[in-house]
Amino acid sequence: MSKQRQVRQEPVSLATVAAQAGVSIATVSRIVNGETRRASAETVERVQKVVAALGYQPNYVGRTLRRRESRIVAMLSPNLDNPAMAAIAASVETALRSAGYVMILCDTHDRAELQDEYLQAMRSQVVQGYVVVNAVRSEALSVSVARGDPVVFVGRRNPDGGGSFVGIDNRRAGADAADHLWAQGIRNFAAIYPTQGSSVSHDRVGGFITRLAKLGLPQKAIRRAEAPGLTHMEVGYAAAQRLVNGQPWPQGLLCPSDLMAYGAYRLATETGVRIPEECRIVGVDDNKLNAWIAPWLTSVHIPYADFGAKVLDQLQALWAGEKPSEQLLPHTLIVR
């Protein structure tokens, strides 16, 4: 009994479909790509029947390589266990998906070498654009921007300056926190922040201190403490320890993120300090968890749910050849 040889079937070409349908290759190409307005209903139906009968499959990979239009956007974001980062990712993914794009999400862990690794890997996948959340300075990022790749920065601006940006006015957020605490009659202030502080943390603390100075408080009277680490709850706990080591708690404390505020709060409860009766803490982000676990925390609300639409607008502007621009969204102070 002879064995049958399996013959591999070659992919059906546009030319084959065109020949059987009795139309041009260009007509078939337009119809299979959804452009049906230039053909009659009868022609569209005939081509679609031939496509189905022959099992034709468009060569999306080839088209992507020719046009460099994959409809895939890469988002690079650090520390996705941070609720703020997760909220940004969810908002951007929703906006991109509604516009017909697919998002690839990469966690850089705030490390320059990992950010570069992902940028290079995503370029090899012919992604159509990049959304870089809380970027750090790195070689591949500088090269990507200089090359003219469509990059939108979110949260932190481009470390090298310039570029499209979506975020809030962080200095204004810090100033608003100062105004609120000052209005409560507080005159004993402090701020804590990460040692590896980003421009975001520096701007929030800087805006806080500058505003208090304008209100008449000497800058040297504002206590400050920092602590190393990338996990903000641990940083908040350690920085608060350094702040109150041998000293009383301040009446008003700024934390550049809600997670840092959680860390400071834990230390306060462990040492018998009542929050907010003895120390009013102001955070930034207005984490959705606050209503459940932190009713004591006043926080600057950042409208992360609105970021996605703005990021999509910025990407589309870059794809259309427009110059990079900034989009600052309004923030509000949620008093608790």
# chains A, B, ... in the order shown; residues from 1 in each chain; ligands from 1

$ closest_atom_pairs --of "range 153-176 of chain A" --to "range 298-301 of chain A" --cutoff "9 Å" --atoms "only C-alpha atoms" --output "Markdown table"
| residue | atom | partner | partner_atom | distance |
| --- | --- | --- | --- | --- |
| A:Ala173 | CA | A:Val300 | CA | 6.7 |
| A:Gly174 | CA | A:Val300 | CA | 8.6 |
| A:Asp176 | CA | A:Val300 | CA | 8.3 |

$ select_by_dssp --residues "range 140-245 of chain A" --states "strand (DSSP E)" --output "list in words"
Val151, Val152, Phe153, Val154, Ser164, Phe165, Val166, Gly167, Phe189, Ala190, Ala191, Ile192, Tyr193, Pro194, Arg223, Arg224, Ala225, Glu226 and Ala227 of chain A

$ write_last_selection --atoms "N, CA, C and O atoms" --output "compact mmCIF listing (two decimals), in the first residue's frame"
# COMPACT_ATOMS: atom_id res chain seq x y z
N VAL A 151 6.22 59.25 20.21
CA VAL A 151 6.31 58.95 21.64
C VAL A 151 5.49 59.99 22.41
O VAL A 151 5.68 61.19 22.22
N VAL A 152 4.61 59.50 23.28
CA VAL A 152 3.86 60.39 24.17
C VAL A 152 4.30 60.08 25.60
O VAL A 152 4.26 58.93 26.03
N PHE A 153 4.73 61.10 26.30
CA PHE A 153 5.16 60.96 27.70
C PHE A 153 3.97 61.24 28.61
O PHE A 153 3.22 62.19 28.39
N VAL A 154 3.82 60.41 29.63
CA VAL A 154 2.70 60.54 30.56
C VAL A 154 3.24 60.60 31.99
O VAL A 154 4.12 59.82 32.36
N SER A 164 5.77 65.24 23.30
CA SER A 164 4.37 65.27 23.67
C SER A 164 4.21 64.80 25.12
O SER A 164 4.88 63.87 25.55
N PHE A 165 3.28 65.43 25.83
CA PHE A 165 3.13 65.12 27.26
C PHE A 165 1.67 65.21 27.68
O PHE A 165 0.93 66.09 27.24
N VAL A 166 1.26 64.26 28.54
CA VAL A 166 -0.05 64.29 29.17
C VAL A 166 0.16 64.14 30.68
O VAL A 166 0.85 63.21 31.12
N GLY A 167 -0.41 65.04 31.47
CA GLY A 167 -0.24 64.96 32.92
C GLY A 167 -0.95 66.11 33.59
O GLY A 167 -1.89 66.69 33.04
N PHE A 189 4.93 72.41 59.43
CA PHE A 189 4.81 71.59 58.21
C PHE A 189 6.03 70.71 57.98
O PHE A 189 7.14 71.01 58.43
N ALA A 190 5.80 69.65 57.22
CA ALA A 190 6.90 68.78 56.78
C ALA A 190 6.50 68.11 55.47
O ALA A 190 5.31 68.06 55.10
N ALA A 191 7.49 67.59 54.78
CA ALA A 191 7.26 66.84 53.54
C ALA A 191 8.24 65.68 53.50
O ALA A 191 9.39 65.80 53.94
N ILE A 192 7.78 64.54 52.98
CA ILE A 192 8.66 63.39 52.78
C ILE A 192 8.63 63.01 51.30
O ILE A 192 7.66 63.31 50.60
N TYR A 193 9.70 62.34 50.85
CA TYR A 193 9.80 62.00 49.43
C TYR A 193 10.84 60.91 49.22
O TYR A 193 11.68 60.66 50.11
N PRO A 194 10.83 60.26 48.06
CA PRO A 194 11.81 59.19 47.79
C PRO A 194 13.20 59.78 47.48
O PRO A 194 13.31 60.84 46.86
N ARG A 223 10.24 71.05 57.65
CA ARG A 223 11.06 69.85 57.80
C ARG A 223 10.89 68.93 56.60
O ARG A 223 9.79 68.82 56.04
N ARG A 224 11.97 68.26 56.24
CA ARG A 224 11.95 67.35 55.11
C ARG A 224 12.73 66.08 55.42
O ARG A 224 13.71 66.12 56.17
N ALA A 225 12.28 64.98 54.84
CA ALA A 225 13.00 63.71 55.03
C ALA A 225 12.78 62.86 53.79
O ALA A 225 11.73 62.92 53.14
N GLU A 226 13.78 62.05 53.48
CA GLU A 226 13.70 61.17 52.32
C GLU A 226 14.14 59.77 52.72
O GLU A 226 14.75 59.56 53.78
N ALA A 227 13.83 58.81 51.85
CA ALA A 227 14.26 57.43 52.09
C ALA A 227 14.39 56.73 50.74
O ALA A 227 13.66 57.06 49.80

$ closest_residue --among "A:Val143, A:Leu54, A:Ile72, A:Ala21" --to "Gly100 in chain A" --atoms "only C-alpha atoms"
A:Ile72

$ atom_distance --atom1 "CA of Asn82 in chain A" --atom2 "CA of Glu278 in chain A"
27.9 Å

$ select_by_dssp --residues "range 62-205 of chain A" --states "alpha helix (DSSP H)" --output "ChimeraX atom specification"
/A:62-67,83-98,112-124,139-147,170-183,199-205

$ residues_around --residues "Gly55 in chain A" --least-positions-apart "6" --cutoff "10 Å" --atoms "only C-alpha atoms" --output "PyMOL selection string"
chain A and resi 11-12+17+49

$ write_last_selection --atoms "all heavy atoms" --output "PDB file, in the first residue's frame"
ATOM      1  N   PRO A  11      -0.339  29.745  -0.332  1.00  0.00           N
ATOM      2  CA  PRO A  11      -1.341  30.757  -0.019  1.00  0.00           C
ATOM      3  C   PRO A  11      -1.995  31.317  -1.276  1.00  0.00           C
ATOM      4  O   PRO A  11      -1.335  31.479  -2.316  1.00  0.00           O
ATOM      5  CB  PRO A  11      -0.532  31.841   0.708  1.00  0.00           C
ATOM      6  CG  PRO A  11       0.695  31.147   1.201  1.00  0.00           C
ATOM      7  CD  PRO A  11       0.983  30.088   0.199  1.00  0.00           C
ATOM      8  N   VAL A  12      -3.269  31.578  -1.180  1.00  0.00           N
ATOM      9  CA  VAL A  12      -3.994  32.160  -2.317  1.00  0.00           C
ATOM     10  C   VAL A  12      -3.572  33.617  -2.478  1.00  0.00           C
ATOM     11  O   VAL A  12      -3.504  34.360  -1.498  1.00  0.00           O
ATOM     12  CB  VAL A  12      -5.518  32.071  -2.077  1.00  0.00           C
ATOM     13  CG1 VAL A  12      -6.273  32.713  -3.236  1.00  0.00           C
ATOM     14  CG2 VAL A  12      -5.929  30.616  -1.906  1.00  0.00           C
ATOM     15  N   VAL A  17      -7.541  35.653  -6.795  1.00  0.00           N
ATOM     16  CA  VAL A  17      -8.888  36.123  -6.469  1.00  0.00           C
ATOM     17  C   VAL A  17      -9.398  37.054  -7.568  1.00  0.00           C
ATOM     18  O   VAL A  17     -10.548  36.941  -8.021  1.00  0.00           O
ATOM     19  CB  VAL A  17      -8.898  36.844  -5.108  1.00  0.00           C
ATOM     20  CG1 VAL A  17     -10.278  37.444  -4.828  1.00  0.00           C
ATOM     21  CG2 VAL A  17      -8.510  35.887  -4.000  1.00  0.00           C
ATOM     22  N   LYS A  49     -17.423  36.477  -2.205  1.00  0.00           N
ATOM     23  CA  LYS A  49     -17.729  35.059  -2.392  1.00  0.00           C
ATOM     24  C   LYS A  49     -16.500  34.290  -2.867  1.00  0.00           C
ATOM     25  O   LYS A  49     -16.231  33.176  -2.397  1.00  0.00           O
ATOM     26  CB  LYS A  49     -18.867  34.899  -3.407  1.00  0.00           C
ATOM     27  CG  LYS A  49     -20.235  35.255  -2.850  1.00  0.00           C
ATOM     28  CD  LYS A  49     -21.329  35.010  -3.881  1.00  0.00           C
ATOM     29  CE  LYS A  49     -22.708  35.302  -3.299  1.00  0.00           C
ATOM     30  NZ  LYS A  49     -23.791  35.078  -4.297  1.00  0.00           N
TER      31      LYS A  49
END

$ residues_around --residues "Ala140 in chain A" --least-positions-apart "5" --cutoff "12 Å" --atoms "only C-alpha atoms" --output "list in words"
Ala112, Glu113, Leu114, Gln115, Asp116, Glu117, Tyr118, Leu119, Gln120, Ala121, Met122, Arg123, Ala135, Val145, Ala146, Arg147, Asp149 and Asp160 of chain A

$ write_last_selection --atoms "C-alpha atoms" --output "short mmCIF file (atom, residue, chain, number, x, y, z; two decimals), in the first residue's frame"
data_model
loop_
_atom_site.label_atom_id
_atom_site.label_comp_id
_atom_site.auth_asym_id
_atom_site.auth_seq_id
_atom_site.Cartn_x
_atom_site.Cartn_y
_atom_site.Cartn_z
CA ALA A 112 16.72 52.60 32.53
CA GLU A 113 18.21 49.41 31.11
CA LEU A 114 14.84 47.64 31.14
CA GLN A 115 13.17 50.64 29.54
CA ASP A 116 15.76 50.48 26.74
CA GLU A 117 15.30 46.74 26.34
CA TYR A 118 11.57 47.15 25.86
CA LEU A 119 11.95 50.09 23.47
CA GLN A 120 14.26 48.05 21.26
CA ALA A 121 12.06 44.97 21.43
CA MET A 122 8.92 46.93 20.55
CA ARG A 123 10.64 48.61 17.61
CA ALA A 135 10.03 57.84 31.87
CA VAL A 145 12.83 60.63 20.24
CA ALA A 146 15.68 61.97 18.07
CA ARG A 147 14.66 59.54 15.30
CA ASP A 149 9.34 57.96 16.66
CA ASP A 160 15.73 65.22 27.76
#

$ residues_around --residues "His331 in chain A" --least-positions-apart "2" --cutoff "10 Å" --atoms "only C-alpha atoms" --output "ChimeraX atom specification"
/A:167-170,172-173,176,284-285,300-304,328-329,333-334

$ write_last_selection --atoms "C-alpha atoms" --output "PDB file, in the first residue's frame"
ATOM      1  CA  GLY A 167      -0.240  64.964  32.917  1.00  0.00           C
ATOM      2  CA  ILE A 168      -1.069  67.557  35.546  1.00  0.00           C
ATOM      3  CA  ASP A 169       0.612  70.675  36.919  1.00  0.00           C
ATOM      4  CA  ASN A 170       2.467  68.989  39.784  1.00  0.00           C
ATOM      5  CA  ARG A 172       0.294  73.589  41.416  1.00  0.00           C
ATOM      6  CA  ALA A 173      -0.867  70.365  43.112  1.00  0.00           C
ATOM      7  CA  ASP A 176      -2.917  73.530  46.596  1.00  0.00           C
ATOM      8  CA  VAL A 284      -1.527  62.890  45.740  1.00  0.00           C
ATOM      9  CA  ASP A 285      -3.438  60.579  43.355  1.00  0.00           C
ATOM     10  CA  VAL A 300      -5.109  65.634  45.207  1.00  0.00           C
ATOM     11  CA  HIS A 301      -7.365  63.892  42.693  1.00  0.00           C
ATOM     12  CA  ILE A 302      -5.676  63.207  39.354  1.00  0.00           C
ATOM     13  CA  PRO A 303      -8.203  62.353  36.597  1.00  0.00           C
ATOM     14  CA  TYR A 304      -6.430  59.221  35.365  1.00  0.00           C
ATOM     15  CA  LEU A 328      -2.345  69.388  31.230  1.00  0.00           C
ATOM     16  CA  LEU A 329      -5.482  68.019  32.859  1.00  0.00           C
ATOM     17  CA  LEU A 333      -8.266  68.525  46.107  1.00  0.00           C
ATOM     18  CA  ILE A 334     -10.487  65.925  47.775  1.00  0.00           C
TER      19      ILE A 334
END

$ closest_residue --among "A:Val28, A:Leu217, A:Met233, A:Ala15" --to "Asp81 in chain A" --atoms "only C-alpha atoms"
A:Met233
